[in-house]
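Only one structure is covered here, and it is reproduced in the block below.
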Amino acid sequence: MKKAVIFDMDGVLIDSEPIYMYHTILFFQQFGIQLEDKEVRKLAGSSNAHGWEMMASWWKEEITPNEMKTLYEVSEPKDAFFYSDIANPYVKYVLNHLCQEDFQLAIASSSPMNAITDMVEECQLKGYFNLLVTGMDFAASKPNPEIYLSTMERLKVTPEETIVVEDSHYGIEAGKKAGATVIALKDERFYPDQSECDYLVNDLLEAYLLIQKLKE
């Protein structure tokens, strides 16, 4: 019997990847650096640390990932967007029904905890999740399964009792390595390899309907 559903955040609960990429392109343009779309797409699904490493490699002179992070955060406009504006369709409907059916729910995201809590607050999702987990608390990011194994342990569920909802190749691989059943939201914009997932769906509503079939 399935008892828990663990959601990734970016690309699953919110459609944030296009916004992040647009802001990245604008940031580099301020400094006279033109990025190719195919390069920026590599950020989709990457860990926070790996993302800063990639951005540092695109800079016009040698710079550390941490220096890149500082420069970007200083330059980024405040309140550049609201998470509530980019929530994926059916989020509240699906979470509300899963809660009514006594599923344990968690977010396990590579994003920093402040981003996760801001998203939960702005999208009015407080009260739905038993647990919020950031990948920044672990030595290795997805595709390492540690974040999912730790989340399951804290929820006191087994991999056989757990469904992971992901979108990126790294996230899918992490969920599979952790032994969970992995549902992936189809992504035809950033070309992730989603072939390792157990099920591929178009949106969260379709994921929920699939969970109904899998829960027993």
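Scheme for the structure tokens: letters A, B, ... for chains in order shown; per-chain residue numbers from 1; ligand numbers from 1 in order shown.
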Give me, as a tab-separated table, the closest atom pair and its distance (Å, one decimal) for every residue of region 68-184 of chain A within a cut-off of 6 Å of region 4-8 of chain A, counting only C-alpha atoms, rows sorted by chain and rising number.
```
residue	atom	partner	partner_atom	distance
A:Phe103	CA	A:Ala4	CA	5.2
A:Gln104	CA	A:Ala4	CA	4.5
A:Leu105	CA	A:Val5	CA	5.1
A:Ala106	CA	A:Ile6	CA	4.7
A:Ile107	CA	A:Phe7	CA	4.8
A:Ala108	CA	A:Asp8	CA	5.3
A:Ser109	CA	A:Asp8	CA	5.1
A:Thr162	CA	A:Ala4	CA	4.9
A:Ile163	CA	A:Val5	CA	4.8
A:Val164	CA	A:Ile6	CA	4.8
A:Val165	CA	A:Phe7	CA	4.9
A:Glu166	CA	A:Asp8	CA	5.4
```
Using 12 Å as the limit and counting only C-alpha atoms, can you tabulate each residue of region 56-89 of chain A that touches region 117-125 of chain A, with its shortest atom-to-atom distance in Å and the two atoms involved, as JSON lines?
```
{"residue": "A:Asp79", "atom": "CA", "partner": "A:Asp118", "partner_atom": "CA", "distance": 11.5}
{"residue": "A:Phe81", "atom": "CA", "partner": "A:Glu122", "partner_atom": "CA", "distance": 10.8}
{"residue": "A:Phe82", "atom": "CA", "partner": "A:Glu122", "partner_atom": "CA", "distance": 7.1}
{"residue": "A:Tyr83", "atom": "CA", "partner": "A:Met119", "partner_atom": "CA", "distance": 5.5}
{"residue": "A:Ser84", "atom": "CA", "partner": "A:Cys123", "partner_atom": "CA", "distance": 4.6}
{"residue": "A:Asp85", "atom": "CA", "partner": "A:Cys123", "partner_atom": "CA", "distance": 8.3}
{"residue": "A:Ile86", "atom": "CA", "partner": "A:Cys123", "partner_atom": "CA", "distance": 9.0}
{"residue": "A:Ala87", "atom": "CA", "partner": "A:Cys123", "partner_atom": "CA", "distance": 7.0}
{"residue": "A:Asn88", "atom": "CA", "partner": "A:Cys123", "partner_atom": "CA", "distance": 10.2}
{"residue": "A:Pro89", "atom": "CA", "partner": "A:Cys123", "partner_atom": "CA", "distance": 11.7}
```
Practice task
Skip region 65-67 of chain A itself and residues of its chain fewer than 5 positions away, then list as a PyMOL selection string all residues within 6 Å of it, counting only C-alpha atoms.
Solution key: chain A and resi 52-53+56
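Our summary of the geometry notes that CA of Val157 (chain A) is positioned 29.1 Å from CA of Ser16 (chain A).
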Practice task
Select, from A:Ser141, A:Arg41, A:Trp58, A:Tyr148, the residue with the minimum atom-to-atom distance to Tyr22 (chain A), counting only C-alpha atoms.
Solution key: A:Arg41
Practice task
One decimal, Å: what's the distance from CA of Glu173 (chain A) over to CA of Asp198 (chain A), could you say?
Solution key: 10.8 Å
Exercise for the section: Would you please work out which residue, of A:Leu149, A:Leu98, A:Leu185, A:Ala49, is nearest to Met9 (chain A) when using only C-alpha atoms? Expected result: A:Leu185
Handout entry: Test item, alpha helix (DSSP H) assignment across region 39-201 of chain A, answer as number ranges by chain
Key = A: 39-40, 48-58, 65-75, 91-100, 113-122, 146-155, 169-177
Problem - Pick from A:Glu153, A:Asp102, A:Glu206, A:Asp167 nearest to Val12 (chain A), counting only C-alpha atoms - result: A:Asp167
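Nearest to Phe27 (chain A) of all the residues A:Ser195, A:Leu209, A:Val74, A:Met113 is A:Val74, counting only C-alpha atoms.
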Practice task
Might you pull out every residue within 12 Å of Lys186 (chain A), with only C-alpha atoms counted and same-chain residues fewer than 2 positions away left off, and present them as a list of chain:residue names?
Solution key: A:Gly11, A:Val12, A:Val165, A:Glu166, A:Asp167, A:Ser168, A:His169, A:Ile172, A:Ile183, A:Ala184, A:Glu188, A:Arg189, A:Phe190, A:Tyr191, A:Pro192, A:Asp193, A:Gln194, A:Ser195, A:Cys197, A:Tyr199, A:Leu200, A:Val201, A:Asn202, A:Asp203, A:Leu204, A:Glu206, A:Ala207
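Of the residues under consideration (A:Ala140, A:Ile25, A:Leu95, A:Met68), A:Ala140 shows the shortest atom-to-atom contact distance to Ser47 (chain A) when counting only C-alpha atoms.
Taking CA of Lys156 (chain A) and CA of Lys213 (chain A) as the two end points, the separation is 22.4 Å.
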